[in-house]
Structures are given as C-alpha cells and as structure tokens.
$ cat run_25.txt   # compact mmCIF, C-alpha atoms
# COMPACT_ATOMS: atom_id res chain seq x y z
CA MET A 1 -171.93 50.21 188.83
CA ARG A 2 -169.63 47.46 187.55
CA ILE A 3 -165.96 47.82 187.85
CA SER A 4 -164.16 45.96 185.11
CA VAL A 5 -160.98 44.35 186.18
CA PRO A 6 -158.48 43.97 183.37
CA THR A 7 -157.68 40.39 182.59
CA PRO A 8 -153.99 39.63 182.94
CA PRO A 9 -152.34 38.51 179.73
CA ALA A 10 -152.00 34.80 179.26
CA PRO A 11 -148.51 33.50 180.01
CA THR A 12 -146.39 32.84 177.02
CA PRO A 13 -146.08 29.08 176.55
CA ALA A 14 -142.62 27.70 176.94
CA PRO A 15 -140.99 26.63 173.72
CA PRO A 16 -141.08 22.93 172.98
CA ARG A 17 -138.31 20.94 174.54
CA ALA A 18 -136.95 20.04 171.14
CA GLN A 19 -136.50 23.76 170.31
CA ARG A 20 -134.61 24.71 173.46
CA ARG A 21 -130.97 25.26 172.69
CA LEU A 22 -128.67 23.81 175.29
CA LEU A 23 -125.71 24.42 172.97
CA PRO A 24 -124.99 27.21 170.48
CA GLY A 25 -126.78 27.28 167.16
CA PHE A 26 -126.60 24.57 164.57
CA GLY A 27 -123.99 26.34 162.47
CA MET A 28 -121.42 26.68 165.23
CA THR A 29 -122.09 23.23 166.71
CA PHE A 30 -121.90 21.57 163.31
CA GLY A 31 -118.70 23.43 162.45
CA VAL A 32 -116.97 22.39 165.69
CA MET A 33 -118.07 18.80 165.14
CA VAL A 34 -116.74 18.71 161.58
CA LEU A 35 -113.44 20.33 162.63
CA TYR A 36 -112.93 17.85 165.47
CA LEU A 37 -113.80 14.91 163.23
CA ALA A 38 -111.41 16.14 160.55
CA LEU A 39 -108.51 16.59 162.97
CA MET A 40 -108.96 13.37 164.94
CA VAL A 41 -110.16 10.94 162.24
CA LEU A 42 -109.95 12.16 158.67
CA LEU A 43 -106.50 13.74 158.84
CA PRO A 44 -104.69 10.61 160.16
CA LEU A 45 -106.52 8.39 157.69
CA SER A 46 -105.68 10.75 154.85
CA ALA A 47 -102.03 10.63 155.87
CA LEU A 48 -102.17 6.83 155.78
CA PHE A 49 -103.65 6.76 152.28
CA GLY A 50 -101.22 9.46 151.18
CA ARG A 51 -98.28 7.32 152.30
CA ALA A 52 -99.75 4.29 150.51
CA LEU A 53 -100.37 6.30 147.34
CA GLY A 54 -96.67 7.14 147.30
CA LEU A 55 -96.24 3.73 145.70
CA ASP A 56 -97.20 3.08 142.12
CA TRP A 57 -99.94 0.54 141.51
CA ALA A 58 -97.58 -2.39 140.86
CA ALA A 59 -95.57 -1.70 144.01
CA PHE A 60 -98.75 -1.26 146.05
CA VAL A 61 -100.15 -4.60 144.87
CA GLU A 62 -96.82 -6.31 145.54
CA ALA A 63 -96.63 -4.86 149.08
CA ALA A 64 -100.25 -5.69 149.91
CA THR A 65 -100.36 -9.17 148.35
CA SER A 66 -96.97 -10.73 149.03
CA PRO A 67 -97.12 -14.36 150.24
CA ARG A 68 -96.34 -13.43 153.84
CA VAL A 69 -98.98 -10.68 153.84
CA LEU A 70 -101.60 -12.97 152.30
CA ALA A 71 -100.86 -15.57 154.96
CA SER A 72 -101.38 -12.95 157.66
CA TYR A 73 -104.71 -11.98 156.04
CA ARG A 74 -105.85 -15.59 156.21
CA VAL A 75 -104.90 -15.84 159.88
CA THR A 76 -106.43 -12.49 160.85
CA PHE A 77 -109.67 -12.64 158.89
CA GLY A 78 -110.16 -16.36 159.42
CA ALA A 79 -109.67 -16.21 163.18
CA ALA A 80 -111.83 -13.08 163.51
CA LEU A 81 -114.61 -14.69 161.47
CA LEU A 82 -114.54 -17.94 163.45
CA ALA A 83 -114.49 -16.08 166.78
CA ALA A 84 -117.43 -13.89 165.74
CA VAL A 85 -119.45 -16.95 164.70
CA VAL A 86 -118.79 -18.63 168.07
CA ASN A 87 -119.76 -15.44 169.88
CA ILE A 88 -123.13 -15.35 168.14
CA GLY A 89 -124.21 -18.55 169.88
CA PHE A 90 -122.71 -17.94 173.29
CA GLY A 91 -123.52 -14.22 173.24
CA LEU A 92 -127.17 -14.98 172.57
CA LEU A 93 -127.17 -17.58 175.36
CA LEU A 94 -125.65 -15.16 177.87
CA ALA A 95 -128.00 -12.34 176.91
CA TRP A 96 -130.99 -14.70 177.22
CA VAL A 97 -129.95 -15.85 180.70
CA LEU A 98 -129.32 -12.31 181.92
CA VAL A 99 -132.67 -11.00 180.67
CA ARG A 100 -135.09 -13.87 181.18
CA TYR A 101 -133.88 -15.34 184.51
CA ARG A 102 -133.29 -14.02 188.01
CA PHE A 103 -130.65 -15.79 190.12
CA PRO A 104 -128.05 -14.97 192.78
CA GLY A 105 -124.98 -13.31 191.31
CA ARG A 106 -126.80 -12.08 188.21
CA ARG A 107 -125.57 -8.51 188.61
CA LEU A 108 -122.00 -9.71 189.07
CA LEU A 109 -122.23 -11.82 185.92
CA ASP A 110 -123.69 -8.86 184.05
CA ALA A 111 -120.76 -6.71 185.17
CA LEU A 112 -118.20 -9.35 184.18
CA ILE A 113 -119.46 -9.20 180.58
CA ASP A 114 -117.92 -5.75 180.26
CA LEU A 115 -114.54 -6.83 181.66
CA PRO A 116 -112.88 -7.17 178.21
CA PHE A 117 -113.84 -3.54 177.54
CA ALA A 118 -112.05 -2.25 180.65
CA LEU A 119 -109.16 -4.73 180.78
CA PRO A 120 -106.00 -3.70 178.91
CA THR A 121 -105.62 -5.99 175.93
CA ALA A 122 -102.01 -6.81 176.82
CA VAL A 123 -103.13 -8.00 180.25
CA ALA A 124 -105.76 -10.20 178.60
CA GLY A 125 -103.13 -11.70 176.29
CA ILE A 126 -100.73 -12.44 179.13
CA ALA A 127 -103.52 -13.98 181.23
CA LEU A 128 -104.70 -16.21 178.38
CA THR A 129 -101.14 -17.30 177.64
CA ALA A 130 -100.56 -18.22 181.28
CA LEU A 131 -103.86 -20.11 181.34
CA LEU A 132 -103.54 -21.98 178.04
CA GLY A 133 -99.78 -22.59 178.04
CA LYS A 134 -98.26 -25.97 178.79
CA ASP A 135 -97.84 -25.00 182.44
CA GLY A 136 -101.24 -23.33 182.71
CA TRP A 137 -104.35 -24.75 184.37
CA ILE A 138 -106.09 -25.56 181.09
CA GLY A 139 -102.91 -26.23 179.11
CA GLN A 140 -101.78 -28.93 181.54
CA ALA A 141 -105.12 -30.71 181.21
CA LEU A 142 -105.09 -30.56 177.40
CA ALA A 143 -101.43 -31.50 176.88
CA PRO A 144 -101.92 -35.27 177.52
CA LEU A 145 -104.66 -35.21 174.86
CA GLY A 146 -102.30 -33.74 172.31
CA ILE A 147 -104.21 -30.44 172.23
CA SER A 148 -102.21 -27.21 172.27
CA LEU A 149 -103.93 -23.83 172.28
CA ALA A 150 -101.13 -21.42 173.15
CA TYR A 151 -98.91 -20.23 170.28
CA THR A 152 -101.27 -21.61 167.65
CA ARG A 153 -104.13 -20.32 165.52
CA ALA A 154 -106.53 -21.85 168.03
CA GLY A 155 -105.10 -19.55 170.68
CA ILE A 156 -105.76 -16.56 168.43
CA VAL A 157 -109.39 -17.62 168.10
CA VAL A 158 -109.73 -17.98 171.88
CA ALA A 159 -108.31 -14.48 172.42
CA LEU A 160 -110.67 -12.98 169.84
CA ILE A 161 -113.63 -14.77 171.41
CA PHE A 162 -112.68 -13.22 174.74
CA ILE A 163 -112.52 -9.64 173.45
CA GLY A 164 -115.50 -9.94 171.06
CA LEU A 165 -118.11 -11.54 173.32
CA PRO A 166 -119.33 -8.29 174.96
CA PHE A 167 -120.24 -6.81 171.57
CA VAL A 168 -122.78 -9.55 170.88
CA VAL A 169 -124.20 -9.62 174.41
CA ARG A 170 -124.63 -5.85 174.69
CA THR A 171 -126.23 -5.66 171.26
CA VAL A 172 -128.76 -8.44 171.80
CA GLN A 173 -129.57 -7.69 175.45
CA PRO A 174 -131.59 -4.45 174.90
CA VAL A 175 -133.68 -6.12 172.20
CA LEU A 176 -134.51 -9.00 174.51
CA GLU A 177 -135.41 -6.60 177.31
CA GLU A 178 -137.91 -4.80 175.08
CA ARG A 179 -139.40 -8.01 173.73
CA ASP A 180 -142.48 -9.29 175.54
CA PRO A 181 -142.12 -12.92 176.72
CA GLU A 182 -145.85 -13.36 176.13
CA LEU A 183 -145.12 -13.76 172.42
CA GLU A 184 -143.26 -17.00 173.09
CA GLU A 185 -145.97 -18.09 175.54
CA ALA A 186 -148.66 -17.43 172.93
CA ALA A 187 -146.78 -19.50 170.35
CA ALA A 188 -146.42 -22.35 172.86
CA SER A 189 -150.12 -22.18 173.73
CA LEU A 190 -150.96 -22.58 170.03
CA GLY A 191 -149.04 -25.84 169.93
CA ALA A 192 -145.65 -24.68 168.66
CA SER A 193 -142.66 -26.63 169.90
CA ALA A 194 -139.70 -24.95 171.58
CA ALA A 195 -137.66 -25.14 168.37
CA GLN A 196 -140.51 -23.71 166.28
CA THR A 197 -141.03 -20.89 168.75
CA PHE A 198 -137.35 -20.01 168.70
CA PHE A 199 -136.76 -20.17 164.95
CA ARG A 200 -140.08 -18.66 163.83
CA VAL A 201 -140.92 -16.18 166.58
CA THR A 202 -137.83 -15.21 168.56
CA LEU A 203 -134.94 -15.49 166.11
CA PRO A 204 -136.42 -13.26 163.35
CA ALA A 205 -136.79 -10.42 165.86
CA LEU A 206 -133.26 -10.90 167.18
CA LEU A 207 -131.59 -11.40 163.80
CA PRO A 208 -130.67 -7.73 163.13
CA ALA A 209 -129.14 -7.39 166.61
CA LEU A 210 -127.25 -10.67 166.21
CA LEU A 211 -125.84 -9.62 162.86
CA THR A 212 -124.86 -6.24 164.26
CA GLY A 213 -123.05 -7.87 167.18
CA PHE A 214 -121.38 -10.28 164.76
CA ALA A 215 -120.13 -7.42 162.58
CA LEU A 216 -118.85 -5.48 165.61
CA ALA A 217 -117.00 -8.51 166.98
CA PHE A 218 -115.59 -9.30 163.53
CA ALA A 219 -114.37 -5.72 163.04
CA ARG A 220 -112.78 -5.69 166.48
CA GLY A 221 -111.04 -9.00 165.80
CA ILE A 222 -109.51 -7.76 162.55
CA GLY A 223 -107.67 -4.92 164.24
CA GLU A 224 -106.91 -6.62 167.57
CA TYR A 225 -103.25 -6.71 168.57
CA GLY A 226 -102.55 -6.66 172.31
CA SER A 227 -104.52 -9.72 173.40
CA VAL A 228 -103.35 -11.78 170.40
CA VAL A 229 -99.65 -11.06 170.05
CA PHE A 230 -98.70 -12.90 173.27
CA ILE A 231 -100.64 -16.08 172.50
CA ALA A 232 -100.25 -16.27 168.72
CA GLY A 233 -96.70 -17.52 168.53
CA ASN A 234 -96.09 -15.00 165.72
CA MET A 235 -94.65 -17.53 163.29
CA PRO A 236 -94.52 -16.13 159.74
CA MET A 237 -96.86 -17.89 157.31
CA ILE A 238 -98.44 -19.82 160.21
CA SER A 239 -99.67 -17.71 163.12
CA GLU A 240 -98.63 -14.16 162.28
CA ILE A 241 -101.46 -11.60 162.39
CA THR A 242 -101.64 -8.62 160.07
CA PRO A 243 -101.37 -5.88 162.76
CA LEU A 244 -98.10 -7.46 163.94
CA LEU A 245 -96.83 -7.58 160.36
CA ILE A 246 -97.56 -3.87 160.01
CA LEU A 247 -95.51 -3.20 163.15
CA ILE A 248 -92.65 -5.32 161.81
CA LYS A 249 -92.63 -3.32 158.57
CA LEU A 250 -92.51 -0.09 160.56
CA GLU A 251 -89.55 -1.37 162.58
CA GLN A 252 -87.83 -2.18 159.28
CA PHE A 253 -88.52 1.40 158.07
CA ASP A 254 -90.77 0.08 155.31
CA TYR A 255 -93.32 2.82 155.84
CA ALA A 256 -94.87 2.56 152.39
CA GLY A 257 -95.33 -1.21 152.72
CA ALA A 258 -96.85 -0.82 156.18
CA ALA A 259 -99.22 1.83 154.87
CA ALA A 260 -100.25 -0.42 151.98
CA VAL A 261 -101.12 -3.31 154.29
CA ALA A 262 -102.82 -0.98 156.78
CA SER A 263 -104.94 0.56 154.02
CA VAL A 264 -106.30 -2.91 153.20
CA LEU A 265 -107.41 -3.33 156.82
CA LEU A 266 -108.83 0.19 156.79
CA VAL A 267 -110.96 -0.51 153.71
CA ALA A 268 -112.20 -3.75 155.27
CA SER A 269 -113.10 -1.90 158.49
CA PHE A 270 -114.92 0.78 156.51
CA VAL A 271 -116.96 -1.82 154.65
CA LEU A 272 -117.87 -3.44 157.97
CA LEU A 273 -118.83 -0.03 159.36
CA LEU A 274 -121.24 0.52 156.48
CA ALA A 275 -122.71 -2.92 157.09
CA ILE A 276 -123.11 -2.19 160.80
CA ASN A 277 -124.91 1.10 160.09
CA GLY A 278 -127.24 -0.66 157.67
CA LEU A 279 -127.99 -3.39 160.21
CA GLN A 280 -128.68 -0.82 162.93
CA ALA A 281 -131.09 1.02 160.63
CA TRP A 282 -132.85 -2.27 159.90
CA GLN A 283 -133.07 -2.97 163.62
CA ARG A 284 -134.57 0.46 164.33
CA ARG A 285 -137.22 -0.06 161.63
CA LEU A 286 -138.16 -3.42 163.10
CA ARG A 287 -138.44 -1.87 166.57
CA ASN A 288 -140.65 0.93 165.32
CA ASP A 289 -142.88 -1.51 163.43
CA SER A 290 -143.16 -3.72 166.51
CA ARG A 291 -144.07 -0.79 168.74
CA ALA A 292 -146.65 0.43 166.25
CA ALA A 293 -148.20 -3.03 166.04
CA GLN A 294 -148.45 -3.25 169.85
CA GLN A 295 -150.19 0.12 170.26
CA PRO A 296 -153.98 -0.14 170.43
CA ASP A 297 -156.07 1.35 167.64
CA VAL A 298 -157.62 4.37 169.39
CA GLY A 299 -159.94 5.18 166.53
CA ALA A 300 -161.37 1.67 166.41
CA ALA A 301 -161.78 1.58 170.18
CA SER A 302 -163.75 4.83 170.20
$ encode --input "run_25.txt" --output "structure tokens"
Amino acid sequence: MRISVPTPPAPTPAPPRAQRRLLPGFGMTFGVMVLYLALMVLLPLSALFGRALGLDWAAFVEAATSPRVLASYRVTFGAALLAAVVNIGFGLLLAWVLVRYRFPGRRLLDALIDLPFALPTAVAGIALTALLGKDGWIGQALAPLGISLAYTRAGIVVALIFIGLPFVVRTVQPVLEERDPELEEAAASLGASAAQTFFRVTLPALLPALLTGFALAFARGIGEYGSVVFIAGNMPMISEITPLLILIKLEQFDYAGAAAVASVLLVASFVLLLAINGLQAWQRRLRNDSRAAQQPDVGAAS
C-alpha cells in the first residue's frame, strides 16, 4: 500500500529587486520631491524674476546693459571661458596620469584634486592673493619681469582655473577608467603614431566628457564670487565681476537693477545646464554603444 505524501507548495518567488519599495509609493515620493524642489529652487528664482519684471522693458534693458554692467559681463564671461579652456587641457592631463599610471603619492594627488570643492572660496581667494601679490612667492618672482597677476584680469582667470579644475578631472576620470588601454595598443600595433592614436581613437571617446567638464567649469566660473573678489582688484570697467556688481547694487538699495543683472546670469546658467544635460545624455549613449560592441555575440558563438 502506497502512502502519498502531499507535496509542499512551492515557495513564492521574491519580487524583483526593481519592484521592492524602499520608500513610499510613487505618488507620495513624487509629491514630496516636487514640493521640496518648488520651495528650495523654484520659489526663490520666481521671486528674482518677479522683482526684475517690476521694471518695464526699457528700464530692464537699461539696467542689464549699462556700460558698467556690460564691462562686468565681458570680465566675467571672458575669464570663465578662458579658465574653462585651460582646464580642458590640464584636467585631461591630470585625469590621464591618475588613471593610467601608478606612482608613490598617487592617492594623495587624487585627494588634492577635490580640495577646491571643500575649501571655502574666500580662503582660496585670500591664499591666491597672498601667493600672487607683489610680496608673495610667485608675485616677487614675476615682478622684475613686469608681470602682475594680482588685482588684474589675469588673477581672475587664475582663481577660476583653481576652482574649475576638479570639474574637468572628475568628469573625464570615470570615462578613462572604463576605457580599455588595449584600444590604444591595438592602434599602435597597426602603425598609428601617438598623435594619430590620441586624435582618432582616444579623443573621440573622451570628447563628451571633456565638453561636459568644460560646461561645468564655465558655469561655476560665471557665478563665482568668493575666490575672485579678493584677487580681482574690483576696478569698475576693468576688473569688476558681475556677482560683485550685483552686491553693490543691493548695497545701494537698487533691488530691481540687481535683479535684472542677476536674471541675465540666471538665464545663462540655465542655458548651460541644458547643454550639460544634453552632453551627459550623449556620453551615456556612447558608453552604452561601446559596451554593446564589446559584448560577444552569443548567438554567433553557439
């Protein structure tokens, strides 16, 4: 006689990891996110535009395009652009050294890259002024040559290079870490020179990351104040930056004029933000295409 033993029910499979809810449902989470974003970002920006819209169009144009304001635009945007261009070259060089070489002190150098992020900008400005001034270590060496960096536009560029360099390095470094060095070795084995390998193999893959780092450094330079105000000299029409001019207008109780100038910087930052998002999407597509090309064709292999 056979005794049938009932089969225990199969365990219920755990839900996929993507479906597990660590936070409340989408509706509540999305609502809290939108509320926080509105209170912390959209509301202050709306107040800024509301203050600027208090002027009629002719007064707004006059406040945002007066000769002194236009001169500050040229100083701010010109210095930020030049600093971002310089950081492309040196940021790529630093990222390349940190990723492709192993040497004593590498971890320390890697940590020093992030120092401008953690250092208060006012401290950076004071340090650069003490270093580049006439009595500073570098300023004393350059003074006999007739070169003056402190209290000039050149000093502004140096300060913006200092605070913008980490953006380029930290944007390019992950791309280099994911990129296989065998690609450069294969190009060299096929007879390509070092310049051909760099410009035809390496640079196209790094271009989206370089442009993203450039845009981030440029955007940071436009709104930078603390590290620049001590070394700029702050001479109207010569070395006065736009953030300082906004502060001067506020101290003179010209709130509408300050809001008009600030809205111009805000629109420029928003345009740069859109460009950065587009560059990051381009970079993600290139990464996905590269990973798909490196995966073996399972169907063909079988």
$ closest_residue --input "run_25.txt" --among "A:Thr129, A:Ala71, A:Ala215, A:Met28" --to "Val158 of chain A" --atoms "only C-alpha atoms"
A:Thr129
$ residues_around --input "run_25.txt" --residues "Leu131 of chain A" --least-positions-apart "5" --cutoff "10 Å" --atoms "only C-alpha atoms" --output "ChimeraX atom specification"
/A:125-126,136-140,149-150
$ residues_around --input "run_25.txt" --residues "segment 103-110 of chain A" --least-positions-apart "6" --cutoff "12 Å" --atoms "all atoms listed in the file" --output "list in words"
Leu94, Ala95, Trp96, Val97, Pro166, Val169, Arg170 and Gln173 of chain A
$ write_last_selection --input "run_25.txt" --atoms "C-alpha atoms" --output "PDB file, in the frame of the given file"
ATOM      1  CA  LEU A  94    -125.650 -15.160 177.870  1.00  0.00           C
ATOM      2  CA  ALA A  95    -128.000 -12.340 176.910  1.00  0.00           C
ATOM      3  CA  TRP A  96    -130.990 -14.700 177.220  1.00  0.00           C
ATOM      4  CA  VAL A  97    -129.950 -15.850 180.700  1.00  0.00           C
ATOM      5  CA  PRO A 166    -119.330  -8.290 174.960  1.00  0.00           C
ATOM      6  CA  VAL A 169    -124.200  -9.620 174.410  1.00  0.00           C
ATOM      7  CA  ARG A 170    -124.630  -5.850 174.690  1.00  0.00           C
ATOM      8  CA  GLN A 173    -129.570  -7.690 175.450  1.00  0.00           C
TER       9      GLN A 173
END
$ atom_distance --input "run_25.txt" --atom1 "atom CA of Ala52 of chain A" --atom2 "atom CA of Asp254 of chain A"
11.0 Å
$ closest_atom_pairs --input "run_25.txt" --of "segment 204-239 of chain A" --to "segment 275-286 of chain A" --cutoff "7 Å" --atoms "only C-alpha atoms" --output "Markdown table"
| residue | atom | partner | partner_atom | distance |
| --- | --- | --- | --- | --- |
| A:Pro208 | CA | A:Gln283 | CA | 5.4 |
| A:Ala209 | CA | A:Gln283 | CA | 6.6 |
| A:Thr212 | CA | A:Ile276 | CA | 5.6 |
| A:Ala215 | CA | A:Ile276 | CA | 6.3 |
$ atom_distance --input "run_25.txt" --atom1 "atom CA of Leu70 of chain A" --atom2 "atom CA of Gly89 of chain A"
29.2 Å
$ residues_around --input "run_25.txt" --residues "Ala258 of chain A" --least-positions-apart "4" --cutoff "7 Å" --atoms "all atoms listed in the file" --output "list in words"
Ile246, Lys249, Leu250, Asp254 and Ala262 of chain A
$ residues_around --input "run_25.txt" --residues "Gly221 of chain A" --least-positions-apart "6" --cutoff "10 Å" --atoms "only C-alpha atoms" --output "list in words"
Thr76, Phe77, Gly78, Ala79, Ala80, Leu81, Leu82, Ala83, Ala84, Ile156, Val157, Ala159, Leu160, Ile161, Ile163, Gly164, Ala215 and Val228 of chain A
$ write_last_selection --input "run_25.txt" --atoms "C-alpha atoms" --output "mmCIF file, in the frame of the given file"
data_model
loop_
_atom_site.group_PDB
_atom_site.id
_atom_site.type_symbol
_atom_site.label_atom_id
_atom_site.label_comp_id
_atom_site.auth_asym_id
_atom_site.auth_seq_id
_atom_site.Cartn_x
_atom_site.Cartn_y
_atom_site.Cartn_z
ATOM 1 C CA THR A 76 -106.430 -12.490 160.850
ATOM 2 C CA PHE A 77 -109.670 -12.640 158.890
ATOM 3 C CA GLY A 78 -110.160 -16.360 159.420
ATOM 4 C CA ALA A 79 -109.670 -16.210 163.180
ATOM 5 C CA ALA A 80 -111.830 -13.080 163.510
ATOM 6 C CA LEU A 81 -114.610 -14.690 161.470
ATOM 7 C CA LEU A 82 -114.540 -17.940 163.450
ATOM 8 C CA ALA A 83 -114.490 -16.080 166.780
ATOM 9 C CA ALA A 84 -117.430 -13.890 165.740
ATOM 10 C CA ILE A 156 -105.760 -16.560 168.430
ATOM 11 C CA VAL A 157 -109.390 -17.620 168.100
ATOM 12 C CA ALA A 159 -108.310 -14.480 172.420
ATOM 13 C CA LEU A 160 -110.670 -12.980 169.840
ATOM 14 C CA ILE A 161 -113.630 -14.770 171.410
ATOM 15 C CA ILE A 163 -112.520 -9.640 173.450
ATOM 16 C CA GLY A 164 -115.500 -9.940 171.060
ATOM 17 C CA ALA A 215 -120.130 -7.420 162.580
ATOM 18 C CA VAL A 228 -103.350 -11.780 170.400
#
$ atom_distance --input "run_25.txt" --atom1 "atom CA of Leu272 of chain A" --atom2 "atom CA of Phe218 of chain A"
8.4 Å
$ closest_residue --input "run_25.txt" --among "A:Tyr101, A:Tyr36, A:Tyr225, A:Phe199" --to "Pro181 of chain A" --atoms "only C-alpha atoms"
A:Tyr101
$ residues_around --input "run_25.txt" --residues "Glu184 of chain A" --least-positions-apart "6" --cutoff "9 Å" --atoms "all atoms listed in the file" --output "number ranges by chain"
A: 194, 197-198, 201-202
$ closest_residue --input "run_25.txt" --among "A:Ala260, A:Leu206, A:Leu265, A:Leu273" --to "Ala58 of chain A" --atoms "only C-alpha atoms"
A:Ala260
$ closest_residue --input "run_25.txt" --among "A:Phe30, A:Phe214, A:Phe49, A:Phe230" --to "Gly257 of chain A" --atoms "all atoms listed in the file"
A:Phe49
$ closest_residue --input "run_25.txt" --among "A:Phe90, A:Thr171, A:Phe26, A:Ala154" --to "Gly213 of chain A" --atoms "all atoms listed in the file"
A:Thr171
